[in-house]
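File shown: upload.txt. Contents: compact mmCIF, C-alpha atoms.
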```
# COMPACT_ATOMS: atom_id res chain seq x y z
CA MET C 1 0.00 0.00 0.00
CA ASP C 2 1.49 3.35 -1.07
CA ALA C 3 1.29 6.62 0.86
CA ARG C 4 -1.78 7.84 -1.06
CA GLU C 5 -3.74 4.68 -0.33
CA SER C 6 -2.77 4.86 3.34
CA VAL C 7 -4.08 8.44 3.57
CA LEU C 8 -7.38 7.37 1.95
CA VAL C 9 -7.81 4.51 4.45
CA ILE C 10 -7.18 6.86 7.37
CA LEU C 11 -9.66 9.40 6.01
CA ARG C 12 -12.34 6.74 5.52
CA SER C 13 -11.79 5.41 9.05
CA THR C 14 -11.95 8.91 10.51
CA THR C 15 -15.17 9.63 8.63
CA LEU C 16 -16.79 6.40 9.90
CA ILE C 17 -15.81 7.20 13.48
CA MET C 18 -17.22 10.73 13.19
CA LEU C 19 -20.47 9.41 11.74
CA PHE C 20 -20.77 6.87 14.55
CA LEU C 21 -20.14 9.46 17.26
CA SER C 22 -22.60 11.91 15.71
CA GLY C 23 -25.18 9.14 15.65
CA VAL C 24 -24.56 8.41 19.34
CA ASP C 25 -24.86 12.10 20.20
CA ALA C 26 -28.07 12.36 18.22
CA ALA C 27 -29.52 9.32 19.98
CA ARG C 28 -28.60 10.72 23.39
CA SER C 29 -30.17 14.06 22.49
CA ARG C 30 -33.43 12.17 21.94
CA GLY C 31 -33.13 10.65 25.43
CA TRP C 32 -31.99 7.20 24.34
CA ASP C 33 -28.78 5.33 24.97
CA TYR C 34 -27.62 1.84 25.77
CA ALA C 35 -27.90 2.19 29.54
CA HIS C 36 -31.45 3.50 29.39
CA ALA C 37 -32.38 0.79 26.93
CA LYS C 38 -31.28 -1.79 29.51
CA GLY C 39 -33.35 -0.25 32.31
CA TRP C 40 -30.60 1.76 34.00
CA ASP C 41 -31.01 5.29 35.33
CA TYR C 42 -28.40 8.03 35.76
CA GLY C 43 -26.95 9.67 38.83
CA HIS C 44 -23.74 10.40 40.69
CA ALA C 45 -21.96 8.78 43.61
CA THR C 46 -19.71 9.98 46.41
CA PHE C 47 -18.67 8.29 49.66
CA TYR C 48 -18.67 9.11 53.34
CA GLY C 49 -16.71 7.79 56.28
CA GLY C 50 -13.54 5.72 56.35
CA MET C 51 -12.82 2.16 55.30
CA SER C 52 -13.95 0.82 58.69
CA GLY C 53 -17.48 2.02 57.96
CA SER C 54 -18.07 3.36 61.48
CA ALA C 55 -19.63 6.55 60.09
CA THR C 56 -22.22 4.52 58.18
CA MET C 57 -23.72 2.84 61.26
CA GLU C 58 -27.13 3.87 62.63
CA GLY C 59 -28.56 6.38 60.13
CA ALA C 60 -31.91 7.77 59.05
CA CYS C 61 -33.48 4.39 58.28
CA GLY C 62 -33.38 3.37 61.92
CA TYR C 63 -30.97 0.47 61.53
CA GLY C 64 -28.32 0.00 64.19
CA ASP C 65 -25.12 -1.99 63.88
CA LEU C 66 -25.14 -2.80 60.18
CA PHE C 67 -22.70 -5.66 60.68
CA GLU C 68 -24.90 -7.36 63.26
CA GLN C 69 -27.97 -6.79 61.13
CA GLY C 70 -26.44 -8.36 58.03
CA TYR C 71 -25.92 -5.29 55.85
CA GLY C 72 -22.21 -4.85 56.46
CA LEU C 73 -20.65 -2.12 54.35
CA GLN C 74 -22.68 -2.92 51.23
CA THR C 75 -24.75 0.19 51.95
CA THR C 76 -25.60 3.64 50.68
CA ALA C 77 -27.26 6.87 51.73
CA LEU C 78 -29.81 8.27 49.27
CA SER C 79 -30.51 11.84 48.18
CA SER C 80 -33.92 13.39 48.91
CA THR C 81 -35.33 12.45 45.51
CA LEU C 82 -34.53 8.76 46.03
CA PHE C 83 -35.01 8.53 49.81
CA ASN C 84 -38.69 9.52 49.62
CA GLN C 85 -38.97 10.39 53.31
CA GLY C 86 -37.66 6.99 54.35
CA ALA C 87 -39.95 4.88 52.19
CA MET C 88 -36.98 3.52 50.21
CA CYS C 89 -35.09 2.29 53.26
CA GLY C 90 -34.14 -1.33 52.64
CA ALA C 91 -34.31 -1.09 48.84
CA CYS C 92 -31.39 -2.59 46.92
CA TYR C 93 -29.52 -1.18 43.94
CA LYS C 94 -26.95 -2.29 41.41
CA ILE C 95 -24.50 0.52 40.59
CA LYS C 96 -21.58 0.99 38.24
CA CYS C 97 -19.40 3.93 37.29
CA HIS C 98 -20.32 5.36 33.89
CA HIS C 99 -18.40 7.16 31.14
CA ASP C 100 -15.55 8.60 33.19
CA TRP C 101 -12.50 6.85 31.80
CA LYS C 102 -10.16 8.73 34.10
CA TRP C 103 -11.75 7.56 37.35
CA CYS C 104 -14.09 4.63 36.66
CA LEU C 105 -13.23 1.04 37.50
CA ASN C 106 -14.91 -2.00 35.98
CA GLY C 107 -16.61 -3.15 39.16
CA THR C 108 -20.35 -3.40 39.74
CA ILE C 109 -21.76 -3.23 43.27
CA ARG C 110 -25.02 -4.15 45.00
CA VAL C 111 -25.98 -2.01 47.98
CA THR C 112 -28.88 -1.56 50.39
CA ALA C 113 -30.29 1.87 51.24
CA THR C 114 -29.68 2.42 54.96
CA ASN C 115 -29.26 6.19 55.34
CA PHE C 116 -30.19 9.65 54.06
CA CYS C 117 -27.94 12.17 52.32
CA PRO C 118 -29.52 15.49 53.36
CA PRO C 119 -29.92 18.46 51.03
CA ASN C 120 -28.25 21.79 51.65
CA TYR C 121 -30.44 24.53 50.20
CA SER C 122 -27.96 27.23 51.18
CA LYS C 123 -25.62 25.67 48.64
CA PRO C 124 -27.89 24.93 45.66
CA ASN C 125 -25.12 24.50 43.12
CA GLY C 126 -22.66 22.46 45.13
CA ASN C 127 -24.68 19.90 47.06
CA TRP C 128 -25.20 16.65 45.19
CA CYS C 129 -28.02 15.54 47.45
CA ASN C 130 -30.32 18.47 46.65
CA PRO C 131 -33.50 17.71 44.67
CA PRO C 132 -33.99 16.72 41.92
CA LEU C 133 -30.60 14.97 41.79
CA LYS C 134 -30.40 11.20 42.06
CA HIS C 135 -27.38 10.67 44.23
CA PHE C 136 -25.80 7.81 46.17
CA ASP C 137 -23.47 8.52 49.09
CA LEU C 138 -21.77 5.15 49.38
CA SER C 139 -19.64 3.59 52.07
CA GLN C 140 -16.02 4.16 51.13
CA LEU C 141 -15.50 0.44 50.58
CA MET C 142 -18.27 0.32 47.98
CA PHE C 143 -17.13 3.51 46.25
CA ARG C 144 -13.64 2.08 45.80
CA GLU C 145 -15.13 -0.97 44.08
CA ILE C 146 -16.37 1.19 41.20
CA ALA C 147 -14.03 4.21 41.12
CA GLN C 148 -10.66 5.45 42.23
CA TYR C 149 -10.56 7.00 45.68
CA LYS C 150 -9.19 10.34 44.45
CA ALA C 151 -12.17 10.89 42.15
CA GLY C 152 -14.39 11.99 45.03
CA ILE C 153 -17.49 11.99 42.84
CA VAL C 154 -18.28 10.02 39.68
CA PRO C 155 -21.18 9.65 37.25
CA ILE C 156 -23.01 6.33 37.60
CA VAL C 157 -25.80 4.23 36.20
CA PHE C 158 -28.05 2.37 38.62
CA ARG C 159 -31.16 0.24 38.84
CA ARG C 160 -33.28 -1.49 41.46
CA VAL C 161 -32.56 -5.17 42.06
CA TRP C 162 -33.88 -7.88 44.35
CA CYS C 163 -32.45 -7.87 47.85
CA VAL C 164 -30.75 -11.13 48.81
CA LYS C 165 -30.75 -11.77 52.56
CA LYS C 166 -29.92 -14.66 54.87
CA GLY C 167 -32.54 -15.93 57.29
CA GLY C 168 -35.96 -14.45 57.89
CA VAL C 169 -37.33 -10.93 58.31
CA LYS C 170 -36.26 -9.51 61.69
CA PHE C 171 -38.44 -7.55 64.12
CA GLN C 172 -36.77 -5.54 66.88
CA ILE C 173 -39.29 -4.42 69.49
CA LYS C 174 -38.73 -1.14 71.32
CA GLY C 175 -40.86 1.33 73.27
CA ASN C 176 -42.83 1.03 76.52
CA PRO C 177 -46.05 -0.63 77.73
CA TYR C 178 -48.15 2.14 76.14
CA TRP C 179 -46.30 2.60 72.86
CA MET C 180 -44.56 0.04 70.69
CA LEU C 181 -41.94 0.76 68.02
CA VAL C 182 -40.90 -2.12 65.76
CA LEU C 183 -37.84 -1.94 63.51
CA VAL C 184 -38.25 -4.31 60.56
CA TYR C 185 -35.06 -5.28 58.74
CA ASN C 186 -33.29 -8.02 56.76
CA VAL C 187 -36.10 -7.90 54.20
CA ALA C 188 -35.43 -9.79 50.96
CA GLY C 189 -37.11 -9.27 47.58
CA ALA C 190 -38.13 -5.65 47.01
CA GLY C 191 -36.65 -4.75 50.39
CA ASP C 192 -38.62 -1.57 51.05
CA VAL C 193 -41.56 -2.06 53.42
CA VAL C 194 -44.69 -0.03 52.62
CA ASP C 195 -47.14 -1.48 55.15
CA MET C 196 -47.01 -3.27 58.51
CA LYS C 197 -49.71 -4.83 60.65
CA ILE C 198 -49.41 -6.47 64.05
CA LYS C 199 -51.67 -8.92 65.84
CA GLY C 200 -51.69 -9.97 69.45
CA SER C 201 -52.99 -13.40 70.42
CA SER C 202 -56.08 -11.64 71.85
CA THR C 203 -56.60 -8.99 69.12
CA GLU C 204 -57.49 -8.65 65.46
CA TRP C 205 -54.94 -7.28 62.98
CA ILE C 206 -53.85 -3.75 63.95
CA GLN C 207 -52.61 -1.23 61.38
CA MET C 208 -49.20 0.21 62.23
CA SER C 209 -47.90 3.58 60.98
CA ARG C 210 -44.41 4.53 59.89
CA ASN C 211 -42.64 6.54 62.56
CA TRP C 212 -39.35 7.04 60.73
CA GLY C 213 -37.25 4.98 58.35
CA GLN C 214 -38.32 1.36 58.83
CA ASN C 215 -39.60 1.88 62.37
CA TRP C 216 -43.33 1.20 62.68
CA GLN C 217 -45.49 2.10 65.66
CA THR C 218 -48.73 1.37 67.48
CA ASN C 219 -50.31 2.66 70.72
CA VAL C 220 -52.20 -0.59 71.36
CA GLN C 221 -51.04 -2.35 74.52
CA LEU C 222 -49.89 -5.85 73.66
CA LEU C 223 -47.86 -6.97 76.69
CA GLY C 224 -48.42 -10.60 77.61
CA GLN C 225 -49.63 -11.61 74.15
CA SER C 226 -47.77 -13.50 71.45
CA LEU C 227 -47.21 -11.31 68.39
CA SER C 228 -47.73 -11.88 64.68
CA PHE C 229 -46.77 -9.55 61.82
CA ARG C 230 -47.88 -8.86 58.27
CA VAL C 231 -45.23 -7.11 56.18
CA THR C 232 -45.93 -5.74 52.69
CA THR C 233 -43.22 -4.54 50.31
CA SER C 234 -43.44 -2.10 47.39
CA ASP C 235 -43.99 -4.85 44.82
CA GLY C 236 -47.23 -5.85 46.55
CA GLN C 237 -45.94 -9.04 48.18
CA MET C 238 -47.09 -9.72 51.73
CA VAL C 239 -45.53 -12.14 54.21
CA GLN C 240 -47.39 -13.15 57.36
CA SER C 241 -45.34 -14.42 60.29
CA ASP C 242 -47.52 -15.94 63.00
CA ASP C 243 -46.57 -15.98 66.69
CA VAL C 244 -43.09 -14.65 65.97
CA ALA C 245 -42.69 -13.27 69.47
CA PRO C 246 -43.86 -15.45 72.39
CA ALA C 247 -46.22 -14.13 75.06
CA ASN C 248 -43.25 -13.29 77.31
CA TRP C 249 -41.53 -11.13 74.69
CA GLN C 250 -39.39 -8.27 75.97
CA PHE C 251 -38.61 -4.75 74.78
CA GLY C 252 -35.15 -4.59 73.21
CA GLN C 253 -35.37 -8.12 71.86
CA THR C 254 -35.32 -9.17 68.18
CA TYR C 255 -37.49 -11.92 66.71
CA GLU C 256 -37.27 -13.66 63.33
CA GLY C 257 -40.17 -14.33 60.97
CA LYS C 258 -40.68 -15.72 57.49
CA GLN C 259 -38.85 -14.33 54.46
CA PHE C 260 -39.95 -12.95 51.10
CA ARG C 261 -39.45 -15.01 47.99
CA TYR C 262 -37.68 -13.48 45.01
CA ILE C 263 -36.54 -14.58 41.58
```

In structure tokens, write the structure found in this file.
Amino acid sequence: MDARESVLVILRSTTLIMLFLSGVDAARSRGWDYAHAKGWDYGHATFYGGMSGSATMEGACGYGDLFEQGYGLQTTALSSTLFNQGAMCGACYKIKCHHDWKWCLNGTIRVTATNFCPPNYSKPNGNWCNPPLKHFDLSQLMFREIAQYKAGIVPIVFRRVWCVKKGGVKFQIKGNPYWMLVLVYNVAGAGDVVDMKIKGSSTEWIQMSRNWGQNWQTNVQLLGQSLSFRVTTSDGQMVQSDDVAPANWQFGQTYEGKQFRYI
């Protein structure tokens, strides 16, 4: 191949690349791209706390020691738009870094929503958790699975996935004889609880209300009765766990019920 033919090949290749890129840009301008076609949504991710994860414990969902409760460091805080006033606590997401070749790694992570990333309205242009942004503030361990530490913040794609948990749904009972607060956690399937009912051995089913995060409350006095629970998740599935707590149940104790099925 002589010099002239080589130049022609390079020009043709360059033209094809430019046509391809213009086609991609045009498709994106119409709101379509590969990620969206596969059911992914767009957002950004940062991290908080150190590698030990101590800063990620507790949180706005009402969970306590995330290691004891089975979540570990595979967790995230959600921005206002995603958190939905605590309704999304327990939901699970698959996340990967997207289109930042300088900082992205090839990893994909699965995390559970356990905390809230609060907005800062005094800083409307510099706070990633302000509405309407879809933002994940990950544990540092999870962030470093998908991006380099020095990046600080990266663009991501994400989607909801089934939560995979070991054992049954857990019910931690708190409160006093006149007011009961039940933390429900370790929920498989959809993960996010949208309705809870409780039944004493001497009562009918009692509707509970969300207090905060995944803490549900009732003012009905149920001391001395065995307790059953009905838990409903956002996909409409309901699991009924009968006589989970015996009649001599105690405040501060945790009891295990049945688990949700998922595909």

With region 241-258 of chain C as the partner and 7 Å as the cut-off, tabulate the residues of region 125-224 of chain C that qualify, each row holding the nearest pair of atoms and their distance in Å to one decimal, using all atoms listed in the file, sorted by chain and rising number, as CSV.
```
residue,atom,partner,partner_atom,distance
C:Gly168,CA,C:Lys258,CA,4.9
C:Val169,CA,C:Gly257,CA,5.2
C:Lys170,CA,C:Glu256,CA,4.6
C:Phe171,CA,C:Tyr255,CA,5.2
C:Gln172,CA,C:Thr254,CA,4.1
C:Ile173,CA,C:Phe251,CA,5.3
C:Lys174,CA,C:Phe251,CA,5.0
C:Gly175,CA,C:Phe251,CA,6.7
C:Gly224,CA,C:Ala247,CA,4.9
```

- Within 12 Å of Leu66 (chain C) using all atoms listed in the file, minus same-chain residues under 3 positions, as a ChimeraX atom specification: /C:52-59,61-63,69-76,90,112-115,139,185-186

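Of the residues listed (C:Gln214, C:His44, C:Met208, C:Gly152), C:Gly152 shows the shortest atom-to-atom separation from Gln140 (chain C); distances use all atoms listed in the file.
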
- Message: Using all atoms listed in the file, can you tell me which of C:His99, C:Lys123, C:Arg210, C:Lys199 comes closest to Ser226 (chain C)?
- Response: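 Under the stated criterion, the closest residue is C:Lys199.
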
- With all atoms listed in the file as the basis for distance, which of C:Arg160, C:Arg144, C:Lys150, C:Arg230 is at the shortest distance from Met51 (chain C)?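 Of the candidates, the smallest distance to Met51 (chain C) is held by C:Arg144.
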
- CA of Cys89 (chain C) to CA of Lys134 (chain C), straight-line distance in Å: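 Between these atoms lies a distance of 15.1 Å.
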
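For region 216-222 of chain C, the set of protein, DNA and RNA residues having any atom at most 7 Å away, when counting only C-alpha atoms and skipping those fewer than 2 positions along the same chain, is Pro177, Tyr178, Trp179, Met180, Leu181, Val182, Leu183, Gly200, Met208, Ser209, Arg210, Asn211, Gln214, Gly224 and Gln225 of chain C.
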
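Of note, CA of Asn127 (chain C) and CA of Ser79 (chain C) are spaced 10.0 Å apart.
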
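Compared by their closest atoms to Lys165 (chain C), and using only C-alpha atoms, the residues C:Thr108, C:Asp65, C:Met196, C:Val187 rank with C:Val187 nearest.
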
- Can you pull out every residue within 12 Å of Tyr149 (chain C), counting only C-alpha atoms, but drop anything in the same chain fewer than 6 positions away, and send it as a ChimeraX atom specification? /C:45-48,50-51,102-105,138-143

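Interatomic distance, CA of Trp128 (chain C) to CA of Ser80 (chain C): 10.0 Å.
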
- Please, which residues are within 6 Å of (-42.0, -9.3, 54.2) by the file's coordinates, counting all atoms listed in the file, and could they come as a ChimeraX atom specification? /C:231-232,238-239,259-260

- Query: Looking at only C-alpha atoms, which of C:Val184, C:Cys97, C:Val161, C:Ile109 is the one that sits closest to Gly39 (chain C)?
  - Reply: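 The closest residue to Gly39 (chain C) is C:Val161.
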
- Task: Tell me which of C:Cys129, C:Leu223, C:Ala147, C:Ala190 sits closest to Ala87 (chain C), counting all atoms listed in the file.
- Result: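 Once distances to Ala87 (chain C) are computed over all atoms listed in the file, the minimum belongs to C:Ala190.
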
Residue rebuild result region 172-189 of chain C, N, CA, C and O atoms as a compact mmCIF listing (two decimals), in the frame of the given file:
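Full text of result.txt as output:
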```txt
# COMPACT_ATOMS: atom_id res chain seq x y z
N GLN C 172 -37.34 -5.99 65.61
CA GLN C 172 -36.77 -5.54 66.88
C GLN C 172 -37.81 -4.67 67.58
O GLN C 172 -38.25 -3.65 67.04
N ILE C 173 -38.20 -5.08 68.78
CA ILE C 173 -39.29 -4.42 69.49
C ILE C 173 -38.71 -3.43 70.51
O ILE C 173 -37.90 -3.80 71.36
N LYS C 174 -39.16 -2.20 70.41
CA LYS C 174 -38.73 -1.14 71.32
C LYS C 174 -39.97 -0.40 71.83
O LYS C 174 -41.08 -0.66 71.38
N GLY C 175 -39.76 0.52 72.78
CA GLY C 175 -40.86 1.33 73.27
C GLY C 175 -41.12 1.14 74.74
O GLY C 175 -40.20 0.95 75.55
N ASN C 176 -42.41 1.18 75.12
CA ASN C 176 -42.83 1.03 76.52
C ASN C 176 -44.21 0.37 76.52
O ASN C 176 -44.77 0.11 75.45
N PRO C 177 -44.77 0.08 77.70
CA PRO C 177 -46.05 -0.63 77.73
C PRO C 177 -47.19 0.07 77.00
O PRO C 177 -48.18 -0.57 76.63
N TYR C 178 -47.06 1.39 76.76
CA TYR C 178 -48.15 2.14 76.14
C TYR C 178 -47.88 2.53 74.69
O TYR C 178 -48.73 3.11 74.03
N TRP C 179 -46.68 2.22 74.24
CA TRP C 179 -46.30 2.60 72.86
C TRP C 179 -45.22 1.64 72.37
O TRP C 179 -44.20 1.45 73.03
N MET C 180 -45.49 1.03 71.24
CA MET C 180 -44.56 0.04 70.69
C MET C 180 -43.96 0.54 69.39
O MET C 180 -44.69 1.03 68.52
N LEU C 181 -42.65 0.40 69.24
CA LEU C 181 -41.94 0.76 68.02
C LEU C 181 -41.21 -0.49 67.53
O LEU C 181 -40.40 -1.07 68.27
N VAL C 182 -41.49 -0.90 66.30
CA VAL C 182 -40.90 -2.12 65.76
C VAL C 182 -40.03 -1.76 64.55
O VAL C 182 -40.52 -1.21 63.56
N LEU C 183 -38.75 -2.08 64.65
CA LEU C 183 -37.84 -1.94 63.51
C LEU C 183 -37.88 -3.23 62.71
O LEU C 183 -37.61 -4.31 63.25
N VAL C 184 -38.23 -3.14 61.43
CA VAL C 184 -38.25 -4.31 60.56
C VAL C 184 -37.04 -4.21 59.63
O VAL C 184 -36.78 -3.18 59.02
N TYR C 185 -36.26 -5.30 59.56
CA TYR C 185 -35.06 -5.28 58.74
C TYR C 185 -34.75 -6.67 58.21
O TYR C 185 -35.47 -7.63 58.49
N ASN C 186 -33.68 -6.76 57.42
CA ASN C 186 -33.29 -8.02 56.76
C ASN C 186 -34.42 -8.52 55.84
O ASN C 186 -34.75 -9.70 55.81
N VAL C 187 -34.96 -7.59 55.07
CA VAL C 187 -36.10 -7.90 54.20
C VAL C 187 -35.58 -8.20 52.79
O VAL C 187 -34.95 -7.36 52.15
N ALA C 188 -35.85 -9.39 52.30
CA ALA C 188 -35.43 -9.79 50.96
C ALA C 188 -36.47 -9.34 49.93
O ALA C 188 -37.48 -8.73 50.25
N GLY C 189 -36.20 -9.66 48.65
CA GLY C 189 -37.11 -9.27 47.58
C GLY C 189 -37.01 -7.79 47.29
O GLY C 189 -35.92 -7.25 47.11
```
